[in-house]
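Contents: one structure, followed by commentary.
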Amino acid sequence: MMSKSMDVGKRFFGEKVFNTIISYLKKNPEENMEKALDLVEKVAVAPNHKEYTRRIKSQLQHNPALREYINRVIYELDENVHNHLINNFFVNASLVGVPQQKRMSEKLGYSVPYTILIDPTSNCNLNCKGCWAGEYDKHDSLSFDEVDRIVSEAKELGMYFIAMSGGEPMMWKHLPELCRKHYDVAFMIYTNGTLIDEKAAAWMREAGNITPAISLEGGREETDQRRGKGVYDKIMAAMDHLKENGVAFGFSMTITRENADRVYSEEFVDHIIEKGALYGWSFHYIPIGRNPDFSLMITPEQRAALIDRVRRVRSTRPLQVADFWNDGEMTRGCIAGGRRYFHITANGDVEPCAFVHFAADTIKGKSLKEVLGNPLFRAYQKRQPFSDNLLRPCPLIDNPENLREMIGESDARPTHDGADTILYDHMAARMDSVAEAWRKKAEPKWHELNEVAEKEKAHI
């Protein structure tokens with residue numbers, strides 16, 4: 001009872017502080033950014049949030065792109081988005097949510113994550129080559145009541161940020177209703193963008209608490225080659241609708257050997273900023289399914305070059321980007337297996353990660369508290385991080401021997417036909433070879449980055 005009262009007080013206090021910060025920035029962003037961050041540092045509960053705020057304050061002095069980014073958030077987004085999405089991130093998911101997650105983790109004896117990735121449906125209007133969800137059954141869907149229950153139980157555990165994928169989440173007819181009911185949650189959807197028209201952008205602005213991360217592969221040629229002719233133009237139209245409505249949105253890219261040398265180019269980044277994107281996620285192509293295509297995996301040289309390219313974007317452009325799996329340092333290794341996130345499929349299977357298609361439990365007829373303690377998640381958490389080199393965070397492509405151990409230890413089952421081919425025989429040998437090739441490249445890169453970090457700390 002006491003903790004709930006404290007959370008209500010934190011939420012009330014946090015909203016007051018948040019409104020003060022927005023007021024400061026709208027009046028004079030250049031002059032008041034430092035004052036706003038001083039307030040953030042004072043109310044931050046988690047030590048790492050305080051440290052992160054101090055780093056931002058230091059970066060503001062040397063990074064004009066960060067100042068420009070904050071201006072974009074203030075001036076390009078609708079007021080309703082400020083009041084719901086941004087507020088939910090700042091107050092509910094961080095100030096209230098993170099301490100609640102830690103309390104519940106201590107009480108339950110296993111990690112309570114920051115977020116859940118839910119597939120409300122496996123239906124999709126596209127058929128993209130190499131889709132990570134391409135092997136799932138195509139007509140599974142969770143009911144509104146099931147997703148509503150999951151989100152409600154997530155909030156009780158301190159989770160106020162929910163990601164959704166699929167399939168295509170825009171094909172799940174209950175999405176607007178879910179956002180409106182859970183107005184205190186920040187929702188992010190991974191979407192192909194082709195179903196975001198003027199009407200969809202308008203309800204997103206009205207709800208205020210949803211942000212689409214739109215999938216693309218770079219420019220028109222790369223995107224249409226993988227997703228279908230005309231898809232790129234539909235995506236650009238969707239971005240225009242979202243920008244006109246002041247809805248926060250970003251992009252999501254799958255990086256393959258074919259596009260790795262072109263993504264995050266200055267031309268692409270500047271264009272996507274002009275279209276209105278505020279953030280971006282990039283995922284390296286992962287060979288999964290019955291006949292995984294290893295030829296699409298990026299090379300060790302491409303992956304190393306990507307590290308520098310992404311960091312250059314963050315330091316020179318008003319755009320926040322993260323690259324999985326090269327940003328393992330930021331997350332202190334793998335976040336899957338319930339440590340900071342996990343995946344619920346459209347038929348209710350509880351997977352440790354969207355790319356690891358094995359499950360030891362189901363959400364059907366079970367609470368979140370029950371499934372978070374499943375043996376596969378426990379196997380993950382007792383091994384994380386899987387490597388001291390945080391450029392090698394993943395148990396699938398960087399440390400595959402760990403994945404094989406965890407599947408065997410937990411007796412987890414594959415969630416679709418062919419998911420287990422990566423564990424055996426020549427497929428396992430190929431994954432080991434990929435991991436070893438990256439290890440040789442990642443070791444000197446890790447030492448290089450640590451040296452740079454030490455120099456930067458000396459200047460803070």
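Quick note on naming: the chains in the structure tokens go A, B, ... in the order shown, residues restart at 1 in each chain, and ligands are numbered from 1 in order of appearance.
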| task | If you run DSSP over the backbone, which residues in range 145-378 of chain A end up helix (DSSP H, G or I)? Put them as a ChimeraX atom specification. | result | /A:145-156,169-171,175-181,198-207,220-227,231-244,266-275,294-296,300-316,328-331,368-372,375-378
Please produce a file of those selected residues containing C-alpha atoms, as a short mmCIF file (atom, residue, chain, number, x, y, z; two decimals), in the first residue's frame.
```
data_model
loop_
_atom_site.label_atom_id
_atom_site.label_comp_id
_atom_site.auth_asym_id
_atom_site.auth_seq_id
_atom_site.Cartn_x
_atom_site.Cartn_y
_atom_site.Cartn_z
CA ASP A 145 -9.06 -9.04 -23.76
CA GLU A 146 -5.79 -10.99 -23.85
CA VAL A 147 -3.65 -7.99 -24.81
CA ASP A 148 -5.58 -5.74 -22.42
CA ARG A 149 -4.82 -8.16 -19.59
CA ILE A 150 -1.14 -8.35 -20.50
CA VAL A 151 -0.79 -4.55 -20.54
CA SER A 152 -2.72 -4.19 -17.26
CA GLU A 153 -0.51 -6.76 -15.54
CA ALA A 154 2.59 -5.10 -17.04
CA LYS A 155 1.65 -1.80 -15.41
CA GLU A 156 1.27 -3.51 -12.04
CA PRO A 169 0.13 -4.48 -35.98
CA MET A 170 -1.92 -1.97 -37.99
CA MET A 171 -4.00 -4.95 -39.16
CA LEU A 175 -5.05 -1.00 -31.67
CA PRO A 176 -6.77 2.42 -31.32
CA GLU A 177 -8.99 1.10 -28.52
CA LEU A 178 -5.97 -0.30 -26.65
CA CYS A 179 -4.09 3.00 -26.86
CA ARG A 180 -7.07 5.00 -25.66
CA LYS A 181 -7.79 2.69 -22.74
CA GLU A 198 -4.50 10.47 -43.05
CA LYS A 199 -7.17 8.84 -40.88
CA ALA A 200 -4.66 6.62 -39.07
CA ALA A 201 -2.29 9.53 -38.43
CA ALA A 202 -5.21 11.54 -37.04
CA TRP A 203 -6.22 8.92 -34.47
CA MET A 204 -2.58 8.53 -33.44
CA ARG A 205 -2.40 12.29 -32.81
CA GLU A 206 -5.65 12.11 -30.86
CA ALA A 207 -4.48 9.19 -28.72
CA ARG A 220 13.59 3.26 -52.86
CA GLU A 221 15.63 0.60 -54.66
CA GLU A 222 16.66 -1.31 -51.50
CA THR A 223 13.21 -1.05 -49.89
CA ASP A 224 11.17 -2.09 -52.91
CA GLN A 225 13.57 -4.93 -53.68
CA ARG A 226 12.87 -6.53 -50.30
CA ARG A 227 9.32 -5.35 -49.56
CA VAL A 231 6.22 0.21 -50.90
CA TYR A 232 8.84 2.96 -50.53
CA ASP A 233 6.48 5.61 -51.91
CA LYS A 234 3.72 4.46 -49.54
CA ILE A 235 6.17 4.77 -46.64
CA MET A 236 7.11 8.30 -47.65
CA ALA A 237 3.41 9.22 -47.82
CA ALA A 238 2.86 7.73 -44.36
CA MET A 239 5.71 9.81 -42.95
CA ASP A 240 4.16 12.94 -44.46
CA HIS A 241 0.81 12.18 -42.78
CA LEU A 242 2.51 11.63 -39.42
CA LYS A 243 4.62 14.77 -39.65
CA GLU A 244 1.60 16.89 -40.59
CA GLU A 266 24.59 11.28 -44.95
CA GLU A 267 22.09 11.41 -47.79
CA PHE A 268 19.78 8.86 -46.17
CA VAL A 269 20.01 10.39 -42.69
CA ASP A 270 19.38 13.94 -43.88
CA HIS A 271 16.41 12.79 -45.96
CA ILE A 272 14.83 10.86 -43.09
CA ILE A 273 15.23 13.86 -40.78
CA GLU A 274 13.58 16.09 -43.36
CA LYS A 275 10.67 13.64 -43.53
CA PHE A 294 23.64 -16.91 -44.28
CA SER A 295 24.66 -15.00 -47.40
CA LEU A 296 22.58 -12.02 -46.24
CA PRO A 300 32.71 -8.61 -39.76
CA GLU A 301 34.21 -5.68 -41.67
CA GLN A 302 30.76 -4.23 -42.38
CA ARG A 303 29.69 -4.65 -38.77
CA ALA A 304 32.81 -2.89 -37.48
CA ALA A 305 32.34 -0.02 -39.92
CA LEU A 306 28.71 0.29 -38.84
CA ILE A 307 29.78 1.01 -35.26
CA ASP A 308 31.64 4.14 -36.34
CA ARG A 309 28.95 5.23 -38.79
CA VAL A 310 26.13 5.05 -36.23
CA ARG A 311 28.15 6.93 -33.62
CA ARG A 312 28.93 9.61 -36.18
CA VAL A 313 25.21 10.06 -36.87
CA ARG A 314 24.51 10.44 -33.15
CA SER A 315 27.17 13.12 -32.79
CA THR A 316 26.43 15.14 -35.94
CA GLY A 328 25.46 -3.73 -26.47
CA GLU A 329 27.63 -1.38 -24.43
CA MET A 330 24.66 0.94 -23.90
CA THR A 331 22.48 -1.90 -22.57
CA LEU A 368 2.93 -12.24 -16.45
CA LYS A 369 4.37 -13.01 -13.04
CA GLU A 370 4.15 -16.72 -13.79
CA VAL A 371 5.70 -16.63 -17.27
CA LEU A 372 8.53 -14.28 -16.28
CA PRO A 375 13.18 -21.85 -16.97
CA LEU A 376 14.40 -20.41 -20.28
CA PHE A 377 14.40 -16.87 -18.90
CA ARG A 378 16.17 -18.04 -15.76
#
```
| request: Within 6 Å of Cys334 in chain A, counting only C-alpha atoms, which residues show up once you throw out same-chain ones fewer than 2 positions away? Write them as a PyMOL selection string, please. | output: chain A and resi 336+393-394
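By chain and then residue number, the residues within 8 Å of range 58-73 of chain A are Pro29, Glu30, Arg54, Arg55, Glu76, Leu77, Leu278, Ser315, Thr316, Arg317, Pro318, Leu319 and Ile460 of chain A, counting only C-alpha atoms and disregarding those fewer than 3 positions away in sequence.
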| Hey, what's within 8 Å of range 340-350 of chain A if we count only C-alpha atoms and toss same-chain stuff fewer than 4 positions away? As a PyMOL selection string, please? | chain A and resi 111-122+140-142+166+335-336+354+359-364+371+415
Using the selection just defined, write its residues with N, CA and C atoms as an mmCIF file, in the first residue's frame.
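Here's the written file out-v2.cif:
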```cif
data_model
loop_
_atom_site.group_PDB
_atom_site.id
_atom_site.type_symbol
_atom_site.label_atom_id
_atom_site.label_comp_id
_atom_site.auth_asym_id
_atom_site.auth_seq_id
_atom_site.Cartn_x
_atom_site.Cartn_y
_atom_site.Cartn_z
ATOM 1 N N SER A 111 14.094 -11.214 -12.896
ATOM 2 C CA SER A 111 14.016 -9.874 -13.477
ATOM 3 C C SER A 111 12.608 -9.533 -13.936
ATOM 4 N N VAL A 112 12.206 -8.308 -13.666
ATOM 5 C CA VAL A 112 11.027 -7.713 -14.282
ATOM 6 C C VAL A 112 11.540 -6.745 -15.337
ATOM 7 N N PRO A 113 11.201 -6.957 -16.599
ATOM 8 C CA PRO A 113 11.811 -6.163 -17.677
ATOM 9 C C PRO A 113 11.243 -4.758 -17.792
ATOM 10 N N TYR A 114 11.885 -3.972 -18.633
ATOM 11 C CA TYR A 114 11.435 -2.613 -18.916
ATOM 12 C C TYR A 114 10.270 -2.609 -19.894
ATOM 13 N N THR A 115 10.282 -3.564 -20.837
ATOM 14 C CA THR A 115 9.262 -3.558 -21.881
ATOM 15 C C THR A 115 8.945 -4.971 -22.348
ATOM 16 N N ILE A 116 7.839 -5.096 -23.074
ATOM 17 C CA ILE A 116 7.436 -6.337 -23.722
ATOM 18 C C ILE A 116 7.221 -6.031 -25.203
ATOM 19 N N LEU A 117 7.607 -6.950 -26.051
ATOM 20 C CA LEU A 117 7.259 -6.880 -27.468
ATOM 21 C C LEU A 117 6.130 -7.866 -27.708
ATOM 22 N N ILE A 118 4.967 -7.361 -28.081
ATOM 23 C CA ILE A 118 3.781 -8.193 -28.282
ATOM 24 C C ILE A 118 3.418 -8.213 -29.763
ATOM 25 N N ASP A 119 3.161 -9.398 -30.290
ATOM 26 C CA ASP A 119 2.599 -9.530 -31.637
ATOM 27 C C ASP A 119 1.088 -9.740 -31.492
ATOM 28 N N PRO A 120 0.272 -8.727 -31.682
ATOM 29 C CA PRO A 120 -1.176 -8.941 -31.538
ATOM 30 C C PRO A 120 -1.746 -9.794 -32.666
ATOM 31 N N THR A 121 -1.060 -9.794 -33.812
ATOM 32 C CA THR A 121 -1.496 -10.620 -34.941
ATOM 33 C C THR A 121 -0.283 -11.019 -35.774
ATOM 34 N N SER A 122 -0.388 -12.175 -36.414
ATOM 35 C CA SER A 122 0.672 -12.595 -37.339
ATOM 36 C C SER A 122 0.295 -12.269 -38.776
ATOM 37 N N ASP A 140 -2.676 -16.216 -36.832
ATOM 38 C CA ASP A 140 -2.841 -16.177 -35.379
ATOM 39 C C ASP A 140 -3.110 -14.741 -34.936
ATOM 40 N N SER A 141 -3.938 -14.589 -33.916
ATOM 41 C CA SER A 141 -4.190 -13.271 -33.340
ATOM 42 C C SER A 141 -4.532 -13.417 -31.873
ATOM 43 N N LEU A 142 -4.104 -12.436 -31.098
ATOM 44 C CA LEU A 142 -4.522 -12.334 -29.708
ATOM 45 C C LEU A 142 -5.786 -11.491 -29.649
ATOM 46 N N GLY A 166 4.587 -7.898 -35.344
ATOM 47 C CA GLY A 166 3.698 -8.863 -35.979
ATOM 48 C C GLY A 166 4.492 -9.844 -36.826
ATOM 49 N N ILE A 335 19.634 -7.861 -23.706
ATOM 50 C CA ILE A 335 18.513 -7.427 -22.872
ATOM 51 C C ILE A 335 17.375 -8.454 -22.862
ATOM 52 N N ALA A 336 17.528 -9.552 -23.603
ATOM 53 C CA ALA A 336 16.427 -10.500 -23.804
ATOM 54 C C ALA A 336 16.255 -11.441 -22.615
ATOM 55 N N ALA A 354 12.725 -11.671 -30.093
ATOM 56 C CA ALA A 354 12.028 -11.788 -31.371
ATOM 57 C C ALA A 354 12.800 -12.626 -32.377
ATOM 58 N N ALA A 359 10.389 -21.424 -26.865
ATOM 59 C CA ALA A 359 9.571 -21.035 -25.723
ATOM 60 C C ALA A 359 9.495 -22.169 -24.720
ATOM 61 N N ALA A 360 9.443 -21.780 -23.456
ATOM 62 C CA ALA A 360 9.239 -22.745 -22.380
ATOM 63 C C ALA A 360 7.938 -22.450 -21.640
ATOM 64 N N ASP A 361 7.156 -21.506 -22.188
ATOM 65 C CA ASP A 361 5.903 -21.139 -21.521
ATOM 66 C C ASP A 361 4.984 -20.422 -22.502
ATOM 67 N N THR A 362 3.752 -20.209 -22.059
ATOM 68 C CA THR A 362 2.754 -19.496 -22.866
ATOM 69 C C THR A 362 1.992 -18.534 -21.977
ATOM 70 N N ILE A 363 1.530 -17.436 -22.568
ATOM 71 C CA ILE A 363 0.747 -16.466 -21.825
ATOM 72 C C ILE A 363 -0.708 -16.906 -21.699
ATOM 73 N N LYS A 364 -1.097 -17.913 -22.458
ATOM 74 C CA LYS A 364 -2.477 -18.394 -22.423
ATOM 75 C C LYS A 364 -2.796 -18.990 -21.047
ATOM 76 N N VAL A 371 4.869 -16.333 -16.102
ATOM 77 C CA VAL A 371 5.703 -16.633 -17.270
ATOM 78 C C VAL A 371 7.084 -16.000 -17.171
ATOM 79 N N THR A 415 9.186 -22.666 -31.665
ATOM 80 C CA THR A 415 7.844 -22.094 -31.801
ATOM 81 C C THR A 415 7.308 -22.161 -33.224
#
```
Where in range 222-395 of chain A does DSSP assign strand (DSSP E), given as a PDB file with N, CA, C and O atoms, in the first residue's frame?
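Output contents, as saved in states_39.pdb:
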```
ATOM      1  N   GLY A 250       9.584   7.011 -36.008  1.00  0.00           N
ATOM      2  CA  GLY A 250      10.965   6.703 -36.360  1.00  0.00           C
ATOM      3  C   GLY A 250      11.001   5.692 -37.482  1.00  0.00           C
ATOM      4  O   GLY A 250      10.012   5.468 -38.177  1.00  0.00           O
ATOM      5  N   PHE A 251      12.158   5.066 -37.664  1.00  0.00           N
ATOM      6  CA  PHE A 251      12.304   4.051 -38.703  1.00  0.00           C
ATOM      7  C   PHE A 251      12.977   2.831 -38.114  1.00  0.00           C
ATOM      8  O   PHE A 251      13.634   2.896 -37.063  1.00  0.00           O
ATOM      9  N   SER A 252      12.799   1.712 -38.779  1.00  0.00           N
ATOM     10  CA  SER A 252      13.417   0.460 -38.381  1.00  0.00           C
ATOM     11  C   SER A 252      14.029  -0.172 -39.624  1.00  0.00           C
ATOM     12  O   SER A 252      13.325  -0.388 -40.610  1.00  0.00           O
ATOM     13  N   MET A 253      15.325  -0.455 -39.581  1.00  0.00           N
ATOM     14  CA  MET A 253      16.023  -1.002 -40.745  1.00  0.00           C
ATOM     15  C   MET A 253      16.608  -2.374 -40.449  1.00  0.00           C
ATOM     16  O   MET A 253      17.193  -2.570 -39.384  1.00  0.00           O
ATOM     17  N   THR A 254      16.451  -3.278 -41.389  1.00  0.00           N
ATOM     18  CA  THR A 254      17.175  -4.545 -41.348  1.00  0.00           C
ATOM     19  C   THR A 254      18.414  -4.391 -42.217  1.00  0.00           C
ATOM     20  O   THR A 254      18.318  -4.078 -43.405  1.00  0.00           O
ATOM     21  N   ILE A 255      19.570  -4.595 -41.615  1.00  0.00           N
ATOM     22  CA  ILE A 255      20.826  -4.395 -42.335  1.00  0.00           C
ATOM     23  C   ILE A 255      21.340  -5.744 -42.831  1.00  0.00           C
ATOM     24  O   ILE A 255      21.520  -6.690 -42.053  1.00  0.00           O
ATOM     25  N   TYR A 279      13.779   9.129 -34.521  1.00  0.00           N
ATOM     26  CA  TYR A 279      14.646   8.064 -34.026  1.00  0.00           C
ATOM     27  C   TYR A 279      14.712   6.940 -35.052  1.00  0.00           C
ATOM     28  O   TYR A 279      13.927   6.904 -36.010  1.00  0.00           O
ATOM     29  N   GLY A 280      15.660   6.038 -34.847  1.00  0.00           N
ATOM     30  CA  GLY A 280      15.780   4.894 -35.740  1.00  0.00           C
ATOM     31  C   GLY A 280      16.413   3.710 -35.041  1.00  0.00           C
ATOM     32  O   GLY A 280      17.302   3.868 -34.196  1.00  0.00           O
ATOM     33  N   TRP A 281      15.926   2.525 -35.364  1.00  0.00           N
ATOM     34  CA  TRP A 281      16.506   1.265 -34.895  1.00  0.00           C
ATOM     35  C   TRP A 281      17.056   0.511 -36.106  1.00  0.00           C
ATOM     36  O   TRP A 281      16.428   0.489 -37.152  1.00  0.00           O
ATOM     37  N   SER A 282      18.194  -0.109 -35.957  1.00  0.00           N
ATOM     38  CA  SER A 282      18.659  -0.995 -37.023  1.00  0.00           C
ATOM     39  C   SER A 282      18.978  -2.360 -36.439  1.00  0.00           C
ATOM     40  O   SER A 282      19.536  -2.481 -35.350  1.00  0.00           O
ATOM     41  N   PHE A 283      18.560  -3.386 -37.166  1.00  0.00           N
ATOM     42  CA  PHE A 283      18.741  -4.777 -36.759  1.00  0.00           C
ATOM     43  C   PHE A 283      19.533  -5.493 -37.845  1.00  0.00           C
ATOM     44  O   PHE A 283      19.217  -5.377 -39.023  1.00  0.00           O
ATOM     45  N   HIS A 284      20.545  -6.220 -37.463  1.00  0.00           N
ATOM     46  CA  HIS A 284      21.315  -6.991 -38.433  1.00  0.00           C
ATOM     47  C   HIS A 284      20.485  -8.203 -38.858  1.00  0.00           C
ATOM     48  O   HIS A 284      19.792  -8.819 -38.038  1.00  0.00           O
ATOM     49  N   GLN A 320      18.119  10.384 -33.039  1.00  0.00           N
ATOM     50  CA  GLN A 320      18.580   9.373 -32.094  1.00  0.00           C
ATOM     51  C   GLN A 320      18.482   7.999 -32.750  1.00  0.00           C
ATOM     52  O   GLN A 320      17.401   7.585 -33.180  1.00  0.00           O
ATOM     53  N   VAL A 321      19.603   7.298 -32.830  1.00  0.00           N
ATOM     54  CA  VAL A 321      19.621   5.991 -33.477  1.00  0.00           C
ATOM     55  C   VAL A 321      20.314   4.967 -32.576  1.00  0.00           C
ATOM     56  O   VAL A 321      21.186   5.312 -31.776  1.00  0.00           O
ATOM     57  N   ALA A 322      19.889   3.730 -32.704  1.00  0.00           N
ATOM     58  CA  ALA A 322      20.513   2.620 -31.983  1.00  0.00           C
ATOM     59  C   ALA A 322      20.656   1.455 -32.933  1.00  0.00           C
ATOM     60  O   ALA A 322      19.778   1.208 -33.767  1.00  0.00           O
ATOM     61  N   ASP A 323      21.756   0.737 -32.816  1.00  0.00           N
ATOM     62  CA  ASP A 323      22.054  -0.372 -33.719  1.00  0.00           C
ATOM     63  C   ASP A 323      22.200  -1.663 -32.918  1.00  0.00           C
ATOM     64  O   ASP A 323      23.113  -1.814 -32.123  1.00  0.00           O
ATOM     65  N   PHE A 324      21.273  -2.576 -33.097  1.00  0.00           N
ATOM     66  CA  PHE A 324      21.381  -3.895 -32.499  1.00  0.00           C
ATOM     67  C   PHE A 324      22.167  -4.766 -33.483  1.00  0.00           C
ATOM     68  O   PHE A 324      21.785  -4.845 -34.649  1.00  0.00           O
ATOM     69  N   TYR A 341      13.622  -7.117 -21.624  1.00  0.00           N
ATOM     70  CA  TYR A 341      12.509  -7.284 -22.562  1.00  0.00           C
ATOM     71  C   TYR A 341      12.327  -8.754 -22.903  1.00  0.00           C
ATOM     72  O   TYR A 341      13.201  -9.592 -22.653  1.00  0.00           O
ATOM     73  N   PHE A 342      11.147  -9.086 -23.460  1.00  0.00           N
ATOM     74  CA  PHE A 342      10.893 -10.411 -24.014  1.00  0.00           C
ATOM     75  C   PHE A 342       9.779 -10.285 -25.043  1.00  0.00           C
ATOM     76  O   PHE A 342       9.216  -9.210 -25.246  1.00  0.00           O
ATOM     77  N   HIS A 343       9.446 -11.412 -25.682  1.00  0.00           N
ATOM     78  CA  HIS A 343       8.549 -11.392 -26.841  1.00  0.00           C
ATOM     79  C   HIS A 343       7.370 -12.334 -26.630  1.00  0.00           C
ATOM     80  O   HIS A 343       7.562 -13.483 -26.213  1.00  0.00           O
ATOM     81  N   ILE A 344       6.165 -11.845 -26.907  1.00  0.00           N
ATOM     82  CA  ILE A 344       4.965 -12.676 -26.891  1.00  0.00           C
ATOM     83  C   ILE A 344       4.442 -12.768 -28.315  1.00  0.00           C
ATOM     84  O   ILE A 344       4.129 -11.748 -28.937  1.00  0.00           O
ATOM     85  N   VAL A 350       5.767 -17.484 -25.324  1.00  0.00           N
ATOM     86  CA  VAL A 350       6.618 -16.514 -24.632  1.00  0.00           C
ATOM     87  C   VAL A 350       8.066 -16.810 -25.007  1.00  0.00           C
ATOM     88  O   VAL A 350       8.665 -17.766 -24.510  1.00  0.00           O
ATOM     89  N   GLU A 351       8.622 -16.003 -25.890  1.00  0.00           N
ATOM     90  CA  GLU A 351       9.988 -16.180 -26.377  1.00  0.00           C
ATOM     91  C   GLU A 351      10.932 -15.197 -25.674  1.00  0.00           C
ATOM     92  O   GLU A 351      10.518 -14.099 -25.296  1.00  0.00           O
ATOM     93  N   PHE A 358      12.145 -19.923 -29.590  1.00  0.00           N
ATOM     94  CA  PHE A 358      11.965 -21.031 -28.676  1.00  0.00           C
ATOM     95  C   PHE A 358      11.157 -20.529 -27.477  1.00  0.00           C
ATOM     96  O   PHE A 358      11.233 -19.352 -27.127  1.00  0.00           O
ATOM     97  N   ALA A 359      10.389 -21.424 -26.865  1.00  0.00           N
ATOM     98  CA  ALA A 359       9.571 -21.035 -25.723  1.00  0.00           C
ATOM     99  C   ALA A 359       9.495 -22.169 -24.720  1.00  0.00           C
ATOM    100  O   ALA A 359       9.479 -23.345 -25.085  1.00  0.00           O
TER     101      ALA A 359
END
```
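Across the model, the gap from CA of Met159 in chain A to CA of Val96 in chain A is 9.2 Å.
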